[in-house]
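What follows is run-v2.cif (mmCIF, C-alpha atoms).
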data_target
#
loop_
_atom_site.label_atom_id
_atom_site.label_comp_id
_atom_site.auth_asym_id
_atom_site.auth_seq_id
_atom_site.Cartn_x
_atom_site.Cartn_y
_atom_site.Cartn_z
CA MET A 122 1.54 -0.50 -12.50
CA PHE A 123 4.42 -1.20 -10.10
CA SER A 124 4.31 0.35 -6.64
CA ILE A 125 7.21 0.67 -4.22
CA PHE A 126 4.73 0.27 -1.36
CA SER A 127 3.33 -3.09 -0.33
CA PRO A 128 -0.39 -3.81 -0.28
CA ARG A 129 -2.07 -2.60 2.88
CA ALA A 130 -5.28 -2.45 4.79
CA GLN A 131 -7.58 0.48 4.14
CA ALA A 132 -5.79 3.70 5.13
CA ILE A 133 -7.07 4.97 8.45
CA GLU A 134 -8.71 8.38 8.19
CA THR A 135 -9.42 11.30 10.48
CA GLY A 136 -12.52 10.56 12.55
CA ALA A 137 -12.01 6.79 12.53
CA PRO A 138 -11.79 4.87 15.80
CA ALA A 139 -8.19 4.42 16.89
CA PRO A 140 -6.92 0.85 16.48
CA LEU A 141 -6.96 -1.12 19.73
CA VAL A 142 -3.83 -3.14 19.17
CA SER A 143 -0.98 -4.32 21.35
CA ALA A 144 2.69 -5.08 20.78
CA PRO A 145 5.90 -5.31 22.80
CA ASP A 146 7.89 -2.22 23.71
CA GLN A 147 11.67 -1.78 23.82
CA ASP A 148 11.76 -3.80 27.06
CA GLY A 149 9.64 -6.65 25.70
CA LYS A 150 6.64 -5.55 27.80
CA GLU A 151 3.26 -5.76 26.07
CA VAL A 152 1.73 -2.32 25.44
CA LYS A 153 -2.02 -2.07 24.97
CA PHE A 154 -2.62 1.01 22.85
CA GLY A 155 -6.06 1.57 24.38
CA ASP A 156 -4.42 1.95 27.81
CA VAL A 157 -2.08 4.59 26.39
CA TYR A 158 -4.93 6.46 24.65
CA ALA A 159 -6.74 6.59 28.01
CA LYS A 160 -3.87 8.65 29.49
CA GLY A 161 -4.35 11.52 27.04
CA ILE A 162 -3.79 12.63 23.49
CA THR A 163 -1.46 10.15 21.81
CA LEU A 164 0.94 10.44 18.90
CA VAL A 165 1.56 7.12 17.15
CA TYR A 166 4.33 7.56 14.63
CA PHE A 167 5.78 4.95 12.29
CA TYR A 168 9.36 4.94 11.06
CA PRO A 169 11.23 2.52 8.80
CA LYS A 170 14.27 1.41 10.85
CA ALA A 171 15.82 2.26 14.20
CA GLY A 172 19.25 3.83 13.97
CA THR A 173 19.06 5.09 10.40
CA PRO A 174 19.75 8.81 9.83
CA GLY A 175 16.17 9.89 9.01
CA CYS A 176 14.62 7.83 11.78
CA THR A 177 17.15 9.14 14.28
CA ALA A 178 16.45 12.74 13.22
CA GLN A 179 12.72 12.15 13.61
CA ALA A 180 13.03 10.56 17.07
CA CYS A 181 15.47 13.24 18.24
CA SER A 182 13.13 15.99 17.03
CA LEU A 183 10.44 14.55 19.29
CA ARG A 184 12.95 13.94 22.09
CA ASP A 185 14.12 17.55 22.02
CA ALA A 186 10.54 18.83 22.21
CA PHE A 187 9.36 16.14 24.62
CA ALA A 188 8.96 18.41 27.66
CA SER A 189 6.66 20.82 25.84
CA LEU A 190 4.76 18.09 23.99
CA HIS A 191 4.34 15.99 27.14
CA GLY A 192 3.32 19.16 28.96
CA GLU A 193 0.28 19.15 26.69
CA ASN A 194 -0.45 15.66 28.01
CA LEU A 195 0.78 14.05 24.79
CA GLN A 196 1.72 10.38 24.95
CA ILE A 197 4.18 9.23 22.25
CA LEU A 198 4.53 5.77 20.75
CA GLY A 199 7.22 5.27 18.09
CA VAL A 200 6.60 2.15 15.99
CA SER A 201 8.89 0.21 13.66
CA ARG A 202 9.35 -3.39 12.57
CA ASP A 203 12.55 -3.64 14.64
CA THR A 204 13.00 -6.15 17.47
CA PRO A 205 12.60 -5.06 21.11
CA GLU A 206 16.39 -5.33 21.45
CA ALA A 207 17.01 -3.03 18.48
CA GLN A 208 14.43 -0.57 19.83
CA LYS A 209 16.12 -0.59 23.26
CA LYS A 210 19.54 0.05 21.72
CA PHE A 211 18.07 2.91 19.63
CA GLN A 212 16.32 4.37 22.68
CA GLU A 213 19.42 4.24 24.87
CA ALA A 214 21.81 5.55 22.20
CA ASN A 215 19.61 8.58 21.56
CA HIS A 216 18.20 9.15 25.08
CA ILE A 217 14.63 8.80 23.81
CA PRO A 218 12.18 9.43 26.70
CA PHE A 219 9.12 7.80 25.17
CA THR A 220 7.99 4.27 24.35
CA LEU A 221 9.19 2.49 21.22
CA ILE A 222 7.05 -0.34 19.88
CA ALA A 223 8.51 -3.44 18.23
CA ASP A 224 6.01 -4.29 15.47
CA GLY A 225 7.85 -7.38 14.25
CA ASP A 226 4.91 -8.93 12.42
CA GLY A 227 3.59 -5.62 11.07
CA ALA A 228 0.21 -6.03 12.79
CA VAL A 229 0.25 -2.51 14.27
CA ALA A 230 1.15 -0.98 10.90
CA MET A 231 -1.60 -3.00 9.23
CA ALA A 232 -4.17 -1.82 11.80
CA PHE A 233 -3.26 1.80 11.03
CA GLY A 234 -3.11 1.16 7.26
CA VAL A 235 0.60 1.98 7.06
CA PRO A 236 2.23 0.36 4.02
CA GLY A 237 5.56 -1.39 3.89
CA PHE A 238 8.26 -0.39 1.44
CA LEU A 239 9.67 -2.41 -1.48
CA GLY A 240 8.53 -5.66 0.12
CA LEU A 241 10.94 -5.11 3.03
CA PRO A 242 9.90 -5.51 6.68
CA VAL A 243 9.77 -1.74 7.22
CA SER A 244 6.89 0.71 7.57
CA SER A 245 6.60 4.00 5.74
CA ARG A 246 6.97 7.22 7.74
CA GLN A 247 3.47 8.17 8.88
CA SER A 248 1.97 9.73 12.02
CA PHE A 249 -1.39 9.78 13.75
CA ILE A 250 -2.78 11.74 16.68
CA ILE A 251 -5.44 10.02 18.75
CA LYS A 252 -7.83 11.94 21.00
CA ASP A 253 -10.78 10.47 22.90
CA GLY A 254 -10.35 7.17 21.08
CA LYS A 255 -10.51 8.68 17.59
CA VAL A 256 -7.93 9.60 14.98
CA VAL A 257 -7.91 13.41 14.84
CA TRP A 258 -4.83 14.04 12.69
CA VAL A 259 -2.95 12.08 10.04
CA SER A 260 0.35 12.77 8.31
CA LEU A 261 0.98 10.34 5.46
CA HIS A 262 4.44 11.86 4.90
CA ALA A 263 5.74 12.66 8.37
CA LYS A 264 8.82 14.84 8.50
CA THR A 265 12.13 13.81 10.01
CA LYS A 266 14.02 16.67 11.68
CA ASP A 267 10.92 18.91 11.86
CA HIS A 268 8.49 16.29 13.12
CA ALA A 269 8.03 17.90 16.54
CA ALA A 270 7.04 21.23 14.94
CA GLU A 271 4.59 19.41 12.66
CA VAL A 272 3.05 17.66 15.69
CA GLN A 273 2.92 20.87 17.74
CA SER A 274 1.11 22.62 14.89
CA ALA A 275 -1.41 19.77 14.75
CA LEU A 276 -1.92 19.95 18.52
CA ASP A 277 -2.45 23.73 18.33
CA SER A 278 -5.14 23.21 15.67
CA LEU A 279 -7.02 20.84 18.02
CA LYS A 280 -7.47 23.50 20.71
#
Representation of the structure as structure tokens:
Amino acid sequence: MFSIFSPRAQAIETGAPAPLVSAPDQDGKEVKFGDVYAKGITLVYFYPKAGTPGCTAQACSLRDAFASLHGENLQILGVSRDTPEAQKKFQEANHIPFTLIADGDGAVAMAFGVPGFLGLPVSSRQSFIIKDGKVVWVSLHAKTKDHAAEVQSALDSLK
């Protein structure tokens, strides 16, 4: 049977240890995910391509709710297969206040078990919340314009 998604590592599940990976951010600076997890609850969300309508809606949803989400000590890492330069342009154009990860080789997506799409160098739209080094929430079909509400609901359920 044909699948539009590429082969992937085993899907990460709730309760699993959070992947300790690293990749460059929008400024080309290496980000060690374990260091981010240590600062508090962390949302790692994957999106297909910076600057596309759905990905922009998703990032802007989180941007618009950033003060309240960050007020809950939430760290946010947005991840796509884009270059650091493309991530920087996307961040600046949309005034995104959180870190964007350039997962050019797909290693971060693979560590989280996020599939590609149609053999293209893009990741499917999925989200994970990490708390105390463990995955505590997974959305295999993260929303675009309502992503912040989805994340807030997940955070409320963790209290």
Nearest candidate to Asp253 in chain A (options A:Ile217, A:Ala171, A:Leu198, A:Ala139; using all atoms listed in the file):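 Of all the options, A:Ala139 lies closest to Asp253 in chain A.
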Carefully work through the PyMOL selection byres ((chain A and resi 221) around 9) for this structure and note down the residues it includes, as a PyMOL selection string. chain A and resi 145-148+197-201+205+208-209+212+217+219-220+222-223
Go ahead and save the residues from that selection, with C-alpha atoms, as an mmCIF file, keeping the file's coordinate frame.
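Wrote out33.cif, looks like this:
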data_model
loop_
_atom_site.group_PDB
_atom_site.id
_atom_site.type_symbol
_atom_site.label_atom_id
_atom_site.label_comp_id
_atom_site.auth_asym_id
_atom_site.auth_seq_id
_atom_site.Cartn_x
_atom_site.Cartn_y
_atom_site.Cartn_z
ATOM 1 C CA PRO A 145 5.900 -5.310 22.800
ATOM 2 C CA ASP A 146 7.890 -2.220 23.710
ATOM 3 C CA GLN A 147 11.670 -1.780 23.820
ATOM 4 C CA ASP A 148 11.760 -3.800 27.060
ATOM 5 C CA ILE A 197 4.180 9.230 22.250
ATOM 6 C CA LEU A 198 4.530 5.770 20.750
ATOM 7 C CA GLY A 199 7.220 5.270 18.090
ATOM 8 C CA VAL A 200 6.600 2.150 15.990
ATOM 9 C CA SER A 201 8.890 0.210 13.660
ATOM 10 C CA PRO A 205 12.600 -5.060 21.110
ATOM 11 C CA GLN A 208 14.430 -0.570 19.830
ATOM 12 C CA LYS A 209 16.120 -0.590 23.260
ATOM 13 C CA GLN A 212 16.320 4.370 22.680
ATOM 14 C CA ILE A 217 14.630 8.800 23.810
ATOM 15 C CA PHE A 219 9.120 7.800 25.170
ATOM 16 C CA THR A 220 7.990 4.270 24.350
ATOM 17 C CA ILE A 222 7.050 -0.340 19.880
ATOM 18 C CA ALA A 223 8.510 -3.440 18.230
#
Run through the PyMOL selection byres ((chain A and resi 153-165) around 9) on the given coordinates and return the selected residues as a PDB file with C-alpha atoms, in the coordinates of the input.
ATOM      1  CA  ALA A 139      -8.190   4.420  16.890  1.00  0.00           C
ATOM      2  CA  PRO A 140      -6.920   0.850  16.480  1.00  0.00           C
ATOM      3  CA  LEU A 141      -6.960  -1.120  19.730  1.00  0.00           C
ATOM      4  CA  VAL A 142      -3.830  -3.140  19.170  1.00  0.00           C
ATOM      5  CA  SER A 143      -0.980  -4.320  21.350  1.00  0.00           C
ATOM      6  CA  ALA A 144       2.690  -5.080  20.780  1.00  0.00           C
ATOM      7  CA  PRO A 145       5.900  -5.310  22.800  1.00  0.00           C
ATOM      8  CA  GLU A 151       3.260  -5.760  26.070  1.00  0.00           C
ATOM      9  CA  VAL A 152       1.730  -2.320  25.440  1.00  0.00           C
ATOM     10  CA  TYR A 166       4.330   7.560  14.630  1.00  0.00           C
ATOM     11  CA  PHE A 167       5.780   4.950  12.290  1.00  0.00           C
ATOM     12  CA  GLU A 193       0.280  19.150  26.690  1.00  0.00           C
ATOM     13  CA  ASN A 194      -0.450  15.660  28.010  1.00  0.00           C
ATOM     14  CA  LEU A 195       0.780  14.050  24.790  1.00  0.00           C
ATOM     15  CA  GLN A 196       1.720  10.380  24.950  1.00  0.00           C
ATOM     16  CA  ILE A 197       4.180   9.230  22.250  1.00  0.00           C
ATOM     17  CA  LEU A 198       4.530   5.770  20.750  1.00  0.00           C
ATOM     18  CA  GLY A 199       7.220   5.270  18.090  1.00  0.00           C
ATOM     19  CA  VAL A 200       6.600   2.150  15.990  1.00  0.00           C
ATOM     20  CA  GLN A 247       3.470   8.170   8.880  1.00  0.00           C
ATOM     21  CA  SER A 248       1.970   9.730  12.020  1.00  0.00           C
ATOM     22  CA  PHE A 249      -1.390   9.780  13.750  1.00  0.00           C
ATOM     23  CA  ILE A 250      -2.780  11.740  16.680  1.00  0.00           C
ATOM     24  CA  ILE A 251      -5.440  10.020  18.750  1.00  0.00           C
ATOM     25  CA  LYS A 252      -7.830  11.940  21.000  1.00  0.00           C
ATOM     26  CA  ASP A 253     -10.780  10.470  22.900  1.00  0.00           C
ATOM     27  CA  GLY A 254     -10.350   7.170  21.080  1.00  0.00           C
ATOM     28  CA  VAL A 272       3.050  17.660  15.690  1.00  0.00           C
TER      29      VAL A 272
END
Rounded to one decimal in Å, what is the spacing between CA of Leu183 in chain A and CA of Ala269 in chain A? 5.0 Å
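If you measure from each of A:Gly192, A:Pro138, A:Pro174, A:Pro218 to Gln273 in chain A using only C-alpha atoms, the closest one turns out to be A:Gly192.
Nearest residue to Lys266 in chain A, choosing from A:Val229, A:Leu241, A:Ala132, A:Ala186 and counting all atoms listed in the file: A:Ala186.
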State, in Å with one decimal place, the distance from CA of Thr265 in chain A to CA of Ser244 in chain A. 14.3 Å
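Checking A:Leu261, A:Val256, A:Ala137, A:Ala214 one by one against Pro236 in chain A, counting all atoms listed in the file, you find the shortest gap at A:Leu261.
From CA of Thr135 in chain A back to CA of Ser182 in chain A, the distance works out to 23.9 Å.
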So, with only C-alpha atoms as the atoms that count, which of A:Ala228, A:Ala207, A:Val235, A:Cys181 lies closest to Ser260 in chain A? A:Val235
Complete range 200-224 of chain A at the level of N, CA and C atoms, written as an mmCIF file, in the frame of the given file.
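Saved to out-v2.cif:
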data_model
loop_
_atom_site.group_PDB
_atom_site.id
_atom_site.type_symbol
_atom_site.label_atom_id
_atom_site.label_comp_id
_atom_site.auth_asym_id
_atom_site.auth_seq_id
_atom_site.Cartn_x
_atom_site.Cartn_y
_atom_site.Cartn_z
ATOM 1 N N VAL A 200 6.817 3.528 16.434
ATOM 2 C CA VAL A 200 6.600 2.150 15.990
ATOM 3 C C VAL A 200 7.456 1.840 14.763
ATOM 4 N N SER A 201 8.193 0.728 14.837
ATOM 5 C CA SER A 201 8.890 0.210 13.660
ATOM 6 C C SER A 201 8.886 -1.307 13.723
ATOM 7 N N ARG A 202 9.327 -1.921 12.650
ATOM 8 C CA ARG A 202 9.350 -3.390 12.570
ATOM 9 C C ARG A 202 10.581 -3.980 13.250
ATOM 10 N N ASP A 203 11.362 -3.170 13.935
ATOM 11 C CA ASP A 203 12.550 -3.640 14.640
ATOM 12 C C ASP A 203 12.188 -4.540 15.819
ATOM 13 N N THR A 204 13.169 -5.304 16.297
ATOM 14 C CA THR A 204 13.000 -6.150 17.470
ATOM 15 C C THR A 204 13.002 -5.277 18.732
ATOM 16 N N PRO A 205 12.497 -5.822 19.855
ATOM 17 C CA PRO A 205 12.600 -5.060 21.110
ATOM 18 C C PRO A 205 14.054 -4.698 21.433
ATOM 19 N N GLU A 206 14.984 -5.592 21.155
ATOM 20 C CA GLU A 206 16.390 -5.330 21.450
ATOM 21 C C GLU A 206 16.929 -4.156 20.614
ATOM 22 N N ALA A 207 16.577 -4.132 19.345
ATOM 23 C CA ALA A 207 17.010 -3.030 18.480
ATOM 24 C C ALA A 207 16.381 -1.717 18.930
ATOM 25 N N GLN A 208 15.108 -1.772 19.345
ATOM 26 C CA GLN A 208 14.430 -0.570 19.830
ATOM 27 C C GLN A 208 15.101 -0.062 21.109
ATOM 28 N N LYS A 209 15.473 -0.979 22.000
ATOM 29 C CA LYS A 209 16.120 -0.590 23.260
ATOM 30 C C LYS A 209 17.472 0.073 22.980
ATOM 31 N N LYS A 210 18.233 -0.519 22.079
ATOM 32 C CA LYS A 210 19.540 0.050 21.720
ATOM 33 C C LYS A 210 19.371 1.451 21.132
ATOM 34 N N PHE A 211 18.374 1.620 20.249
ATOM 35 C CA PHE A 211 18.070 2.910 19.630
ATOM 36 C C PHE A 211 17.656 3.922 20.700
ATOM 37 N N GLN A 212 16.802 3.491 21.615
ATOM 38 C CA GLN A 212 16.320 4.370 22.680
ATOM 39 C C GLN A 212 17.475 4.834 23.564
ATOM 40 N N GLU A 213 18.310 3.891 23.980
ATOM 41 C CA GLU A 213 19.420 4.240 24.870
ATOM 42 C C GLU A 213 20.463 5.111 24.177
ATOM 43 N N ALA A 214 20.791 4.790 22.930
ATOM 44 C CA ALA A 214 21.810 5.550 22.200
ATOM 45 C C ALA A 214 21.407 6.997 21.979
ATOM 46 N N ASN A 215 20.101 7.240 21.872
ATOM 47 C CA ASN A 215 19.610 8.580 21.560
ATOM 48 C C ASN A 215 18.848 9.238 22.708
ATOM 49 N N HIS A 216 18.849 8.602 23.881
ATOM 50 C CA HIS A 216 18.200 9.150 25.080
ATOM 51 C C HIS A 216 16.727 9.495 24.797
ATOM 52 N N ILE A 217 16.025 8.574 24.174
ATOM 53 C CA ILE A 217 14.630 8.800 23.810
ATOM 54 C C ILE A 217 13.746 8.550 25.034
ATOM 55 N N PRO A 218 12.951 9.546 25.459
ATOM 56 C CA PRO A 218 12.180 9.430 26.700
ATOM 57 C C PRO A 218 10.780 8.842 26.548
ATOM 58 N N PHE A 219 10.454 8.352 25.376
ATOM 59 C CA PHE A 219 9.120 7.800 25.170
ATOM 60 C C PHE A 219 9.218 6.350 24.701
ATOM 61 N N THR A 220 8.072 5.696 24.653
ATOM 62 C CA THR A 220 7.990 4.270 24.350
ATOM 63 C C THR A 220 8.193 3.989 22.866
ATOM 64 N N LEU A 221 8.994 2.964 22.581
ATOM 65 C CA LEU A 221 9.190 2.490 21.220
ATOM 66 C C LEU A 221 8.565 1.100 21.106
ATOM 67 N N ILE A 222 7.772 0.907 20.086
ATOM 68 C CA ILE A 222 7.050 -0.340 19.880
ATOM 69 C C ILE A 222 7.745 -1.195 18.832
ATOM 70 N N ALA A 223 7.915 -2.471 19.147
ATOM 71 C CA ALA A 223 8.510 -3.440 18.230
ATOM 72 C C ALA A 223 7.387 -4.175 17.501
ATOM 73 N N ASP A 224 7.118 -3.750 16.284
ATOM 74 C CA ASP A 224 6.010 -4.290 15.470
ATOM 75 C C ASP A 224 6.561 -5.346 14.497
#
